[in-house]
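Novice: Below you will find the structure I want to go over with you.
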Amino acid sequence: MSSTPERNDIRRMIGWALDGEANPAQLEQLRAWLRADPAARRHYVDLMLLDTLLTEELAPEGVGGMIDLLGGAGHAGQLDTSEASRLPVAPPTRQTTAQRQSSRPRRWWPTVGWAAAAVALCATFLGIGYVGLQEASAESLVKETRRVHQLPLDRCYLVEVERSREGSGDGYGDSWISARSGRVDRLWTRGDRFFLESSNNAYRWAWGRNEKGTVWLAYGRRQGLLLEVDEQPAWLTAWCDVLSMQLDSLLDDVLVNCQLTWESGDAEAGTKVVRAVRRFHRRRAGLREARLEIDQETKVLRRLTLVRWVARTRQMVTVTYTLAATEAQPDERYELSGHLEPPFTILSNTTQPERRDEILTRLFKPSSRRSSSQ
Amino acid sequence: MSGEPPSLEIFVRELTCHQTRLRGLVRCLLFDRKQAEDVLQDTNVVLLRKAAEYQPGTDFWAWASQVARYQVLTHAKRLGRERLVFDEELMESLAAESQLRAASLDQRRDALLACLERLPAPQRQLLEMRYSLGQSMDQIASTMSRPSGSVRQTLYRVREALLSCIERRMVGEASS
């Protein structure tokens, strides 16, 4: 790059182009610079590779990334500062209603996306399915479990999140120390719908997602708020997907990237246990291990344990879902109104939106309770 | 489980190992991040279709990178000349430059992780807003109540600082 001012201009221009902020004239100028100057080309490639690595290291891994957030948050109402700053004031994601309403899981980019495609394509084009990637019987049991989970039944899971005080350094294992006993919340799911209720009688809250994809929050008995699909930050959408246990995505990851082995199940309880350990060495954070406890007869997932390494906080996070009940729930339970007593107030994007955002910010800010609990 | 890994497993392992290099190569040839991801997925699809042709022990990267470059060219042609950012000649130069760096991507990643740990919290938060949440400059500016220009400038400086840090660490590793 010839002169310092021009070099700085080129570097800035590359940055704009990288972020999709350059206009056609600027792109044309950049192209001319890149053609003429080998140093500019080197710097351009350096920045694009940096962008690639940042994308891989910092982008959430769909469901997995949100489990990381769960580990950092504990439960609704206890997000950390960086998350709190994102919530209501963060502009909406570009996700469309059609995307949310689609019955197909979204592309779990970057981890699961290509891998799931790989498996599907292997099956479609090569006609060999999963065989060879893991033992066929374990694989078919997991696939059957996924199918059963998609049935529109109401299931209650106890969700427990535990995290280590610090990582073991050489990866996962038995040596990490639980920082605190996990908090348990009750989660009801029916397909994409779910609701989560407070287990604290002194402070009642519930939140969930209804059939249309609207996320709602009830705080107390007479107040609630709604976040429509196009208002939800990406992390919240993904968090909801974790809570609704979208096993399609989770199990795709497990099937493709993990080595499956049998563990001795509980013969008396009629369960089989599949242990999934990540197959390939990867430096980045993500799923390290999963344990699926499956009812031998009904193929219902009795318990799912996910162990993840969170690079950002250098913590191991374990999320356990334990089936507590299968019992028909009224449709209203998946709606905000089903958790309020009249007369009640509902804040939305048309009713006092500023007030709604203010409450969300306050609710999701870290509280002194969180600090004291650690 | 099975004893000898079947060829499909070897293929998937190779594809997994080379995913970052492929992503980096495609990213260097296309400005738009989303388009780059789409082309990467197209590349994976083509590679998987051709999986049966892969001979374990041969140079996977040479083959896969050729497929990726072809996919980028196909994508560029589909977009039309008026929207083409790079012509073929420039693409070749950038691809060659990217190939040179590809071998050291793992070291770069290690260096980046170390550099990220030393980044001040506000700068780290800015990167997370950009990469974790995928927010645009205007969205970040709105969230942080700062002018867009200021956010752009900060992000530019953070990336430059990370590049310098990575270079220093890699030079240090090489000399030690």
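Note on naming: chains are A, B, ... as they come in the structure tokens, residues start from 1 per chain, ligands start from 1 in the order shown.
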Residues of chain B within 7 Å of chain A, using only C-alpha atoms, as a PyMOL selection string?
Specialist: chain B and resi 1+6+9+23-24+27-28+31-32+41+44+48-49+86+90+94+97-98+109+128+131-133+139+143+156
Novice: Taking N, CA and C atoms for each residue, export the selection above as an mmCIF file, in the first residue's frame.
Specialist:
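Output contents, as saved in result.cif:
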```
data_model
loop_
_atom_site.group_PDB
_atom_site.id
_atom_site.type_symbol
_atom_site.label_atom_id
_atom_site.label_comp_id
_atom_site.auth_asym_id
_atom_site.auth_seq_id
_atom_site.Cartn_x
_atom_site.Cartn_y
_atom_site.Cartn_z
ATOM 1 N N MET B 1 -18.591 -50.339 18.856
ATOM 2 C CA MET B 1 -19.014 -49.874 17.561
ATOM 3 C C MET B 1 -18.165 -50.548 16.474
ATOM 4 N N PRO B 6 -15.244 -46.860 8.247
ATOM 5 C CA PRO B 6 -15.619 -46.948 6.838
ATOM 6 C C PRO B 6 -15.255 -45.661 6.107
ATOM 7 N N GLU B 9 -17.021 -42.449 6.928
ATOM 8 C CA GLU B 9 -16.591 -41.809 8.172
ATOM 9 C C GLU B 9 -15.312 -41.003 7.935
ATOM 10 N N ARG B 23 -14.632 -22.409 4.637
ATOM 11 C CA ARG B 23 -15.394 -21.196 4.945
ATOM 12 C C ARG B 23 -14.534 -19.960 4.688
ATOM 13 N N GLY B 24 -13.284 -20.031 5.111
ATOM 14 C CA GLY B 24 -12.374 -18.899 4.920
ATOM 15 C C GLY B 24 -12.144 -18.604 3.453
ATOM 16 N N ARG B 27 -15.265 -17.116 1.969
ATOM 17 C CA ARG B 27 -15.471 -15.765 2.522
ATOM 18 C C ARG B 27 -14.568 -14.752 1.830
ATOM 19 N N CYS B 28 -13.356 -15.174 1.487
ATOM 20 C CA CYS B 28 -12.421 -14.261 0.821
ATOM 21 C C CYS B 28 -12.896 -13.903 -0.586
ATOM 22 N N PHE B 31 -18.013 -10.909 -0.791
ATOM 23 C CA PHE B 31 -18.154 -9.898 0.258
ATOM 24 C C PHE B 31 -19.254 -10.253 1.249
ATOM 25 N N ASP B 32 -20.357 -10.721 0.699
ATOM 26 C CA ASP B 32 -21.549 -10.894 1.529
ATOM 27 C C ASP B 32 -21.443 -12.161 2.375
ATOM 28 N N GLN B 41 -22.482 -24.018 1.913
ATOM 29 C CA GLN B 41 -23.394 -25.163 2.014
ATOM 30 C C GLN B 41 -23.550 -25.860 0.672
ATOM 31 N N ASN B 44 -20.593 -28.010 0.261
ATOM 32 C CA ASN B 44 -20.704 -29.241 1.042
ATOM 33 C C ASN B 44 -21.628 -30.246 0.365
ATOM 34 N N LEU B 48 -20.489 -33.866 -0.869
ATOM 35 C CA LEU B 48 -21.148 -35.077 -0.372
ATOM 36 C C LEU B 48 -21.695 -35.926 -1.511
ATOM 37 N N ARG B 49 -22.185 -35.258 -2.548
ATOM 38 C CA ARG B 49 -22.661 -36.012 -3.705
ATOM 39 C C ARG B 49 -21.523 -36.812 -4.323
ATOM 40 N N PHE B 86 -16.097 -9.213 -7.761
ATOM 41 C CA PHE B 86 -14.760 -9.515 -8.274
ATOM 42 C C PHE B 86 -14.852 -10.166 -9.649
ATOM 43 N N LEU B 90 -9.196 -11.420 -10.413
ATOM 44 C CA LEU B 90 -8.994 -10.985 -9.031
ATOM 45 C C LEU B 90 -9.359 -12.114 -8.060
ATOM 46 N N LEU B 94 -7.000 -13.614 -5.090
ATOM 47 C CA LEU B 94 -7.428 -13.685 -3.686
ATOM 48 C C LEU B 94 -7.462 -15.135 -3.200
ATOM 49 N N GLU B 97 -3.989 -16.140 -2.412
ATOM 50 C CA GLU B 97 -3.568 -15.530 -1.138
ATOM 51 C C GLU B 97 -4.198 -16.267 0.044
ATOM 52 N N SER B 98 -5.455 -16.604 -0.116
ATOM 53 C CA SER B 98 -6.163 -17.313 0.949
ATOM 54 C C SER B 98 -5.566 -18.700 1.175
ATOM 55 N N ARG B 109 -6.324 -19.357 14.877
ATOM 56 C CA ARG B 109 -7.449 -19.488 15.798
ATOM 57 C C ARG B 109 -6.955 -19.471 17.251
ATOM 58 N N GLU B 128 -19.439 -9.293 20.152
ATOM 59 C CA GLU B 128 -20.526 -10.257 20.366
ATOM 60 C C GLU B 128 -21.833 -9.760 19.756
ATOM 61 N N TYR B 131 -21.207 -10.418 15.999
ATOM 62 C CA TYR B 131 -21.086 -11.808 15.542
ATOM 63 C C TYR B 131 -22.059 -12.760 16.233
ATOM 64 N N SER B 132 -22.316 -12.562 17.510
ATOM 65 C CA SER B 132 -23.228 -13.487 18.192
ATOM 66 C C SER B 132 -24.670 -13.177 17.828
ATOM 67 N N LEU B 133 -24.991 -11.891 17.796
ATOM 68 C CA LEU B 133 -26.376 -11.509 17.509
ATOM 69 C C LEU B 133 -26.590 -11.144 16.050
ATOM 70 N N GLN B 139 -28.023 -1.125 14.027
ATOM 71 C CA GLN B 139 -28.684 -1.764 15.181
ATOM 72 C C GLN B 139 -27.812 -1.654 16.429
ATOM 73 N N THR B 143 -28.687 0.284 19.894
ATOM 74 C CA THR B 143 -28.645 -0.382 21.197
ATOM 75 C C THR B 143 -27.719 0.341 22.158
ATOM 76 N N TYR B 156 -13.671 -1.177 13.476
ATOM 77 C CA TYR B 156 -12.479 -1.169 12.626
ATOM 78 C C TYR B 156 -11.218 -1.270 13.472
#
```
Novice: What does the structure give for the distance between atom CA of A:Lys143 and atom CA of A:Glu297, in Å to one decimal?
Specialist: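 Atom CA of A:Glu297 lies 14.4 Å from atom CA of A:Lys143.
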Novice: Just want the 9 Å neighbourhood of B:Leu126, counted on only C-alpha atoms, with same-chain residues fewer than 6 positions away dropped. Output as a list in words.
Specialist: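 Those residues are Ile140, Val151, Thr154 and Leu155 of chain B.
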Novice: Quick one: residues within 12 Å of B:Thr58, only C-alpha atoms counted, chain neighbours fewer than 5 positions away excluded, as JSON, numbers by chain?
Specialist: {"B": [10, 11, 14, 53, 63, 64]}
Novice: Quick check, in Å to one decimal: how far apart do atom CA of A:Ala325 and atom CA of A:Cys156 lie?
Specialist: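 So the two atoms, atom CA of A:Ala325 and atom CA of A:Cys156, lie 5.0 Å apart.
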Novice: Using only C-alpha atoms, find the one residue out of B:Leu30, B:Ser145, B:Glu167, B:Arg13 that sits nearest to B:Asp87.
Specialist: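 Looking only at the distances to B:Asp87, the closest residue turns out to be B:Leu30.
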